[in-house]
$ cat query-v6.txt   # compact mmCIF, C-alpha atoms
# COMPACT_ATOMS: atom_id res chain seq x y z
CA MET E 1 8.33 17.77 3.24
CA SER E 2 7.13 19.97 0.43
CA TRP E 3 5.61 19.57 -3.01
CA GLN E 4 8.00 19.32 -5.91
CA ALA E 5 7.70 18.91 -9.64
CA ALA E 6 7.91 15.39 -11.03
CA ARG E 7 8.65 14.95 -14.72
CA VAL E 8 7.56 11.83 -16.55
CA ILE E 9 10.52 10.25 -18.33
CA GLU E 10 8.97 6.93 -19.35
CA THR E 11 5.58 5.21 -19.32
CA ARG E 12 4.87 1.48 -19.46
CA THR E 13 1.52 -0.23 -20.00
CA GLU E 14 1.21 -3.02 -17.44
CA THR E 15 -2.37 -4.19 -18.05
CA PRO E 16 -5.36 -2.68 -19.88
CA ARG E 17 -6.17 -0.59 -16.78
CA VAL E 18 -2.76 -0.11 -15.22
CA CYS E 19 0.34 1.78 -16.23
CA THR E 20 3.69 2.64 -14.70
CA LEU E 21 5.11 6.16 -14.75
CA VAL E 22 8.86 6.60 -14.34
CA LEU E 23 9.54 9.95 -12.71
CA ASP E 24 12.46 12.30 -12.56
CA LEU E 25 12.53 14.23 -9.29
CA ALA E 26 15.09 16.95 -8.69
CA ASP E 27 15.12 16.59 -4.92
CA TRP E 28 14.57 13.01 -3.82
CA PRO E 29 16.02 11.84 -0.48
CA GLY E 30 15.52 8.15 -1.31
CA HIS E 31 12.71 5.93 -0.11
CA ARG E 32 12.02 2.69 1.71
CA ALA E 33 10.16 -0.28 0.25
CA GLY E 34 6.44 0.12 0.90
CA GLN E 35 6.31 3.91 1.06
CA HIS E 36 4.05 6.08 -1.10
CA VAL E 37 3.85 9.59 -2.47
CA ASP E 38 1.01 12.05 -2.67
CA VAL E 39 0.31 13.33 -6.19
CA ARG E 40 -1.35 16.72 -6.68
CA LEU E 41 -2.93 17.91 -9.92
CA THR E 42 -3.97 21.52 -10.39
CA ALA E 43 -6.57 22.46 -13.00
CA ALA E 44 -6.46 25.69 -14.99
CA ASP E 45 -9.13 27.18 -12.69
CA GLY E 46 -7.05 26.39 -9.60
CA TYR E 47 -9.00 23.29 -8.53
CA GLN E 48 -6.67 20.77 -6.91
CA ALA E 49 -6.98 17.02 -6.44
CA GLU E 50 -4.64 14.89 -4.35
CA ARG E 51 -4.25 11.12 -4.20
CA SER E 52 -1.72 8.73 -2.69
CA TYR E 53 0.17 6.26 -4.90
CA SER E 54 2.53 3.54 -3.78
CA ILE E 55 6.09 3.59 -5.04
CA ALA E 56 6.72 0.50 -7.16
CA SER E 57 10.46 0.82 -7.60
CA ALA E 58 13.03 -0.52 -5.15
CA PRO E 59 15.05 1.90 -3.03
CA GLU E 60 18.04 0.83 -5.16
CA SER E 61 16.42 2.10 -8.36
CA SER E 62 17.72 5.36 -9.78
CA ASN E 63 14.21 6.65 -10.53
CA VAL E 64 10.92 6.67 -8.72
CA GLU E 65 8.24 4.59 -10.41
CA LEU E 66 4.52 4.75 -9.69
CA THR E 67 2.14 2.07 -10.93
CA VAL E 68 -1.38 3.45 -11.23
CA GLU E 69 -4.71 1.74 -11.81
CA ARG E 70 -7.26 3.73 -13.81
CA LEU E 71 -10.53 4.34 -11.99
CA ASP E 72 -13.07 5.49 -14.57
CA ASP E 73 -14.68 8.04 -12.27
CA GLY E 74 -11.43 9.00 -10.56
CA GLU E 75 -10.07 12.54 -10.48
CA VAL E 76 -6.38 11.77 -10.74
CA SER E 77 -5.85 8.25 -12.12
CA PRO E 78 -7.41 8.90 -15.57
CA TYR E 79 -4.88 11.69 -16.11
CA LEU E 80 -1.95 9.62 -14.89
CA THR E 81 -2.88 6.52 -16.92
CA GLN E 82 -4.26 8.02 -20.12
CA VAL E 83 -3.00 11.58 -20.52
CA ALA E 84 0.40 11.98 -18.88
CA GLY E 85 3.22 11.34 -21.31
CA ILE E 86 6.95 11.79 -21.50
CA GLY E 87 7.91 15.31 -20.48
CA ASP E 88 4.68 16.08 -18.63
CA GLN E 89 4.92 17.35 -15.07
CA PHE E 90 2.82 17.20 -11.93
CA GLU E 91 3.44 17.75 -8.23
CA VAL E 92 4.62 15.06 -5.84
CA ARG E 93 5.16 15.02 -2.07
CA GLY E 94 7.09 12.23 -0.38
CA PRO E 95 8.31 9.70 0.42
CA ILE E 96 5.59 9.08 3.00
CA GLY E 97 5.03 6.35 5.57
CA GLY E 98 6.96 4.41 8.17
CA TYR E 99 4.44 1.74 9.12
CA PHE E 100 3.86 -0.23 5.91
CA VAL E 101 7.60 -0.48 5.25
CA TRP E 102 9.93 -3.48 4.95
CA GLU E 103 13.69 -3.52 5.47
CA SER E 104 15.92 -6.31 4.18
CA SER E 105 17.59 -6.40 7.60
CA VAL E 106 14.47 -7.94 9.16
CA ALA E 107 15.66 -11.46 10.04
CA ARG E 108 12.26 -13.14 9.77
CA PRO E 109 10.28 -14.89 7.04
CA LEU E 110 8.27 -12.55 4.84
CA ALA E 111 4.72 -13.03 3.64
CA LEU E 112 3.07 -10.73 1.09
CA VAL E 113 -0.65 -10.85 0.39
CA GLY E 114 -1.86 -8.60 -2.41
CA GLY E 115 -5.13 -7.99 -4.21
CA GLY E 116 -5.40 -6.15 -7.53
CA SER E 117 -3.22 -3.04 -7.63
CA GLY E 118 -2.39 -3.73 -3.98
CA ILE E 119 0.57 -5.61 -5.47
CA VAL E 120 2.38 -2.30 -6.09
CA PRO E 121 4.01 -1.66 -2.68
CA LEU E 122 4.58 -5.43 -2.36
CA MET E 123 6.48 -5.30 -5.65
CA ALA E 124 8.75 -2.61 -4.21
CA ILE E 125 9.40 -4.99 -1.31
CA LEU E 126 10.10 -7.94 -3.66
CA ARG E 127 12.44 -5.82 -5.78
CA HIS E 128 14.23 -4.55 -2.70
CA ARG E 129 14.56 -8.10 -1.40
CA ALA E 130 15.92 -9.33 -4.74
CA SER E 131 18.59 -6.65 -4.87
CA SER E 132 19.65 -6.88 -1.23
CA VAL E 133 19.28 -10.55 -0.32
CA SER E 134 21.46 -13.27 -1.77
CA SER E 135 19.37 -16.40 -2.12
CA ALA E 136 22.59 -18.42 -1.86
CA ALA E 137 23.32 -17.12 1.62
CA SER E 138 22.82 -19.71 4.33
CA ASP E 139 20.81 -17.33 6.51
CA VAL E 140 18.35 -16.23 3.81
CA GLN E 141 14.80 -15.89 5.13
CA PRO E 142 12.05 -17.49 3.04
CA ALA E 143 9.37 -15.36 1.43
CA ALA E 144 5.93 -16.06 0.01
CA LEU E 145 3.68 -13.97 -2.21
CA LEU E 146 -0.04 -14.60 -2.57
CA TYR E 147 -1.45 -12.42 -5.34
CA SER E 148 -5.18 -12.24 -6.06
CA ALA E 149 -6.51 -10.77 -9.30
CA ARG E 150 -9.79 -11.11 -11.13
CA ALA E 151 -8.35 -12.46 -14.38
CA GLU E 152 -4.97 -13.32 -15.85
CA VAL E 153 -4.91 -10.17 -18.00
CA GLU E 154 -5.15 -8.07 -14.83
CA VAL E 155 -2.09 -9.58 -13.18
CA ILE E 156 0.46 -6.76 -12.94
CA TYR E 157 4.22 -7.48 -13.26
CA ARG E 158 3.49 -11.13 -14.19
CA ARG E 159 6.70 -11.77 -16.10
CA GLU E 160 8.93 -10.07 -13.55
CA ILE E 161 7.33 -11.87 -10.60
CA ASP E 162 7.70 -15.25 -12.33
CA GLU E 163 11.35 -14.48 -13.12
CA LEU E 164 12.03 -13.50 -9.51
CA ALA E 165 10.51 -16.77 -8.33
CA ALA E 166 12.37 -18.84 -10.94
CA ASN E 167 15.70 -17.37 -9.88
CA ASP E 168 15.17 -17.56 -6.14
CA ALA E 169 14.49 -20.86 -4.40
CA SER E 170 13.62 -18.99 -1.20
CA LEU E 171 10.66 -17.20 -2.82
CA ARG E 172 7.34 -18.94 -3.48
CA VAL E 173 4.71 -17.23 -5.59
CA THR E 174 1.05 -18.24 -5.64
CA TYR E 175 -1.68 -16.65 -7.75
CA THR E 176 -5.41 -16.82 -7.40
CA LEU E 177 -7.74 -15.66 -10.19
CA THR E 178 -11.13 -14.94 -8.71
CA ARG E 179 -13.33 -14.41 -11.74
CA ALA E 180 -11.88 -16.02 -14.85
CA GLN E 181 -9.17 -18.62 -15.28
CA PRO E 182 -7.45 -19.62 -18.53
CA ASN E 183 -7.47 -23.24 -19.67
CA GLY E 184 -4.99 -25.30 -17.74
CA TRP E 185 -4.70 -22.77 -14.92
CA ARG E 186 -2.80 -24.26 -12.01
CA GLY E 187 -3.22 -21.55 -9.41
CA TYR E 188 -6.19 -20.99 -7.15
CA ASP E 189 -9.55 -19.94 -8.61
CA ARG E 190 -11.32 -18.29 -5.66
CA ARG E 191 -11.10 -15.37 -3.29
CA ILE E 192 -8.50 -15.52 -0.56
CA ASP E 193 -9.74 -17.74 2.25
CA ARG E 194 -8.45 -19.36 5.40
CA ALA E 195 -7.28 -22.61 3.78
CA MET E 196 -5.42 -20.69 1.07
CA LEU E 197 -3.60 -18.49 3.56
CA GLU E 198 -2.69 -21.51 5.63
CA GLN E 199 -1.29 -23.37 2.62
CA VAL E 200 0.72 -20.39 1.42
CA LEU E 201 2.16 -19.41 4.79
CA MET E 202 2.81 -22.86 6.26
CA PRO E 203 6.07 -23.54 4.33
CA LEU E 204 7.61 -20.38 5.81
CA GLY E 205 8.20 -22.19 9.07
CA ALA E 206 8.70 -19.54 11.72
CA PRO E 207 5.98 -16.89 12.07
CA PRO E 208 6.43 -14.38 9.23
CA VAL E 209 5.99 -10.64 9.09
CA ILE E 210 2.92 -10.27 6.87
CA TYR E 211 2.13 -7.34 4.55
CA VAL E 212 -1.44 -7.21 3.25
CA CYS E 213 -2.42 -4.65 0.62
CA GLY E 214 -5.46 -4.39 -1.60
CA PRO E 215 -9.09 -3.31 -1.64
CA THR E 216 -10.50 -2.59 1.81
CA ALA E 217 -12.78 -5.64 1.97
CA MET E 218 -9.99 -8.01 0.94
CA VAL E 219 -7.51 -6.54 3.41
CA GLU E 220 -9.87 -6.70 6.36
CA SER E 221 -10.96 -10.24 5.51
CA ALA E 222 -7.37 -11.46 5.12
CA ALA E 223 -6.22 -9.72 8.33
CA THR E 224 -9.08 -11.28 10.31
CA LEU E 225 -8.31 -14.75 8.88
CA LEU E 226 -4.62 -14.37 9.68
CA VAL E 227 -5.40 -13.53 13.31
CA SER E 228 -7.71 -16.56 13.48
CA LEU E 229 -4.81 -18.69 12.19
CA GLY E 230 -2.80 -17.57 15.20
CA HIS E 231 -0.70 -14.76 13.75
CA SER E 232 -0.08 -11.86 16.08
CA PRO E 233 -1.89 -8.64 15.08
CA ASP E 234 1.46 -6.89 15.49
CA ASP E 235 2.91 -9.10 12.72
CA ILE E 236 0.16 -8.14 10.24
CA LEU E 237 0.74 -4.84 8.47
CA THR E 238 -2.10 -3.56 6.36
CA GLU E 239 -2.63 -0.99 3.65
CA ARG E 240 -6.11 -0.51 2.26
CA PHE E 241 -6.62 0.86 -1.19
CA GLY E 242 -9.83 2.66 -1.93
CA PRO E 243 -12.06 1.51 -4.74
CA SER E 244 -10.56 -1.06 -7.06
CA GLY E 245 -12.52 -1.79 -10.18
CA ILE E 246 -16.15 -0.80 -10.13
CA GLY E 247 -18.29 -1.95 -7.30
CA GLU E 248 -16.59 -5.20 -6.53
CA PRO E 249 -13.24 -5.77 -4.88
CA ALA E 250 -10.73 -8.01 -6.64
CA MET K 1 -22.84 2.36 -7.14
CA ARG K 2 -20.17 2.26 -4.54
CA ASN K 3 -21.04 2.18 -0.92
CA ILE K 4 -19.08 4.09 1.69
CA GLU K 5 -17.15 1.00 2.77
CA GLU K 6 -15.44 0.82 -0.59
CA LEU K 7 -14.18 4.35 -0.24
CA VAL K 8 -12.44 3.70 3.05
CA LEU K 9 -8.70 4.14 3.03
CA ASP K 10 -6.46 3.97 6.05
CA GLY K 11 -4.02 5.95 8.12
CA ASN K 12 -1.24 5.31 5.61
CA ALA K 13 -2.99 7.63 3.16
CA ALA K 14 -3.07 10.38 5.81
CA GLY K 15 0.71 10.19 6.25
CA GLY K 16 1.48 13.08 3.92
CA MET K 17 -1.02 15.39 5.57
CA LEU K 18 0.14 14.42 9.06
CA ALA K 19 3.76 15.04 8.02
CA GLN K 20 2.79 18.69 7.50
CA ILE K 21 1.73 18.91 11.16
CA PHE K 22 3.83 16.51 13.24
CA LEU K 23 7.59 16.19 13.31
CA PRO K 24 7.84 12.40 13.88
CA GLU K 25 6.63 9.99 11.19
CA MET K 26 3.00 9.40 12.20
CA THR K 27 1.82 6.23 10.40
CA ARG K 28 3.95 4.14 12.76
CA ALA K 29 2.86 6.08 15.85
CA ARG K 30 1.06 3.73 18.24
CA VAL K 31 -2.33 5.00 19.28
CA THR K 32 -4.40 3.87 22.25
CA CYS K 33 -8.10 4.29 21.53
CA MET K 34 -10.02 6.33 24.10
CA HIS K 35 -13.19 4.35 23.36
CA CYS K 36 -12.04 0.70 23.54
CA ALA K 37 -8.45 0.95 24.85
CA SER K 38 -7.02 -1.09 21.95
CA GLU K 39 -3.61 -0.07 20.66
CA HIS K 40 -2.62 0.02 16.98
CA PRO K 41 -0.31 1.86 14.62
CA LEU K 42 -2.00 4.96 13.25
CA GLY K 43 -1.35 3.67 9.70
CA ALA K 44 -3.79 0.82 10.39
CA ALA K 45 -6.64 3.13 11.44
CA ARG K 46 -9.57 3.53 9.05
CA LEU K 47 -9.66 6.81 7.18
CA PHE K 48 -12.79 8.63 6.13
CA ASP K 49 -12.47 11.70 3.99
CA ALA K 50 -15.41 13.88 4.93
CA ALA K 51 -15.51 17.55 5.89
CA GLY K 52 -11.91 17.05 6.92
CA VAL K 53 -9.99 13.87 7.53
CA VAL K 54 -11.32 11.43 10.14
CA LEU K 55 -9.34 8.45 11.43
CA ARG K 56 -11.34 5.76 13.22
CA CYS K 57 -10.23 2.87 15.42
CA THR K 58 -9.85 -0.37 13.47
CA GLU K 59 -11.39 -2.32 16.39
CA CYS K 60 -14.38 -0.26 17.52
CA SER K 61 -14.74 2.41 14.79
CA GLY K 62 -14.59 5.16 17.42
CA VAL K 63 -13.21 8.46 16.15
CA LEU K 64 -9.52 8.80 17.01
CA LEU K 65 -8.53 11.97 15.25
CA ARG K 66 -10.06 14.70 13.13
CA VAL K 67 -8.15 17.20 11.03
CA VAL K 68 -9.80 20.09 9.21
CA ASP K 69 -7.73 22.12 6.82
CA ALA K 70 -9.29 25.57 6.64
CA GLY K 71 -6.73 27.20 4.39
CA ASP K 72 -4.62 29.42 6.62
CA ARG K 73 -5.56 27.46 9.76
CA THR K 74 -5.70 23.76 10.64
CA PHE K 75 -7.99 22.35 13.34
CA ILE K 76 -6.98 19.12 15.07
CA ASP K 77 -9.26 17.16 17.41
CA LEU K 78 -7.42 14.43 19.31
CA THR K 79 -10.01 13.62 21.95
CA GLY K 80 -10.37 10.00 20.76
CA ILE K 81 -6.74 9.23 21.51
CA ARG K 82 -5.94 8.25 25.07
CA ARG K 83 -2.22 7.88 24.43
CA LEU K 84 0.14 8.48 21.53
CA GLU K 85 3.49 6.68 21.41
CA LEU K 86 5.91 8.32 18.98
CA ARG K 87 9.25 7.16 17.65
CA MET K 88 11.40 10.24 17.62
CA GLN K 89 13.97 8.74 15.23
CA GLU K 90 13.55 6.61 12.14
CA PRO K 91 15.49 3.34 12.25
CA THR K 92 18.57 3.52 10.07
CA ALA K 93 18.30 1.31 7.03
$ encode --input "query-v6.txt" --output "structure tokens"
Amino acid sequence: MSWQAARVIETRTETPRVCTLVLDLADWPGHRAGQHVDVRLTAADGYQAERSYSIASAPESSNVELTVERLDDGEVSPYLTQVAGIGDQFEVRGPIGGYFVWESSVARPLALVGGGSGIVPLMAILRHRASSVSSAASDVQPAALLYSARAEVEVIYRREIDELAANDASLRVTYTLTRAQPNGWRGYDRRIDRAMLEQVLMPLGAPPVIYVCGPTAMVESAATLLVSLGHSPDDILTERFGPSGIGEPA
Amino acid sequence: MRNIEELVLDGNAAGGMLAQIFLPEMTRARVTCMHCASEHPLGAARLFDAAGVVLRCTECSGVLLRVVDAGDRTFIDLTGIRRLELRMQEPTA
């Protein structure tokens, strides 16, 4: 696996802090839902910085899309979210990872628990599921998404997630906004806790495979709660993001 | 200010670096900790980026693996791993 040039062919603003880069890669072997790439930037003086970013697009997509949250004191994300434009190039290595990966052939219920930009690899899983699973099939496995964000404006992919849920009776989507809620908000209004996980996962019936991704503190708290609810540690797959926002996890 | 806990990533983020060293995909490798004998996928281990990359056991925080990239040479310390179970083939999609 070697570094190759990635050329930006489209950018999309997702939230005030988050944007999606659509990349053209000359030599891409295809990826699996949940995998990431390493991005390497090289400064004029030769200084290099590398960071990992989850792939947001489904394996079925013709391009690789990265959704990146800007960290104000970051070395790579300010460039990717504020500077990189159509035609710009940087180096990419991937796809990477075989642990935090979901295949549509897994014949078990699916639970996704995301915090902040931890939704990104979960979105690749949801998109892969939508394009490979027919919700009309009699053997379709149910899926649930629990997505925690600080405020409504920070919810990434809101419209697409709501459309997926509206068009698929086997998918249930639940949001929790931990810091600010709009008037009339009908989702949860607190950090992910035991009762919330129980309510979200209960309707799945059989024990699900659970993917948890977000800030470190959120992931470790959710994983511990899930074990205390009786889920097998082998059924809980985790991916911790580094800092998310400043000082406080989502 | 951030504290060190907020800068923790995990073994998933080390996947690209490990792919330069090991032939099998390493984030799904199952690792038995030398310190506490628990067994987990390497992707779930806690990652600390210090003078090199350090992966620590998610249960007991004992050091599992250290990798130092020194330019033309790479140093790998595996003394924290009692056993490594590798899948030699990726499942076909």
$ closest_residue --input "query-v6.txt" --among "K:Phe48, K:Thr32, K:Leu84, K:Ala37" --to "chain E" --atoms "all atoms listed in the file"
K:Phe48
$ atom_distance --input "query-v6.txt" --atom1 "atom CA of Gly214 of chain E" --atom2 "atom CA of Gly115 of chain E"
4.5 Å
$ atom_distance --input "query-v6.txt" --atom1 "atom CA of Leu177 of chain E" --atom2 "atom CA of Gly118 of chain E"
14.5 Å
$ residues_near_point --input "query-v6.txt" --point "(0.1, 10.0, 4.5)" --cutoff "10 Å" --atoms "all atoms listed in the file" --output "JSON, numbers by chain"
{"E": [35, 36, 37, 38, 51, 52, 93, 94, 95, 96, 97, 98], "K": [10, 11, 12, 13, 14, 15, 16, 17, 18, 19, 20, 25, 26, 27, 43]}
$ closest_residue --input "query-v6.txt" --among "E:Ala130, E:Leu71, E:Cys19, E:Val64" --to "Gly85 of chain E" --atoms "all atoms listed in the file"
E:Cys19
$ atom_distance --input "query-v6.txt" --atom1 "atom CA of Phe241 of chain E" --atom2 "atom CA of Ser77 of chain E"
13.2 Å
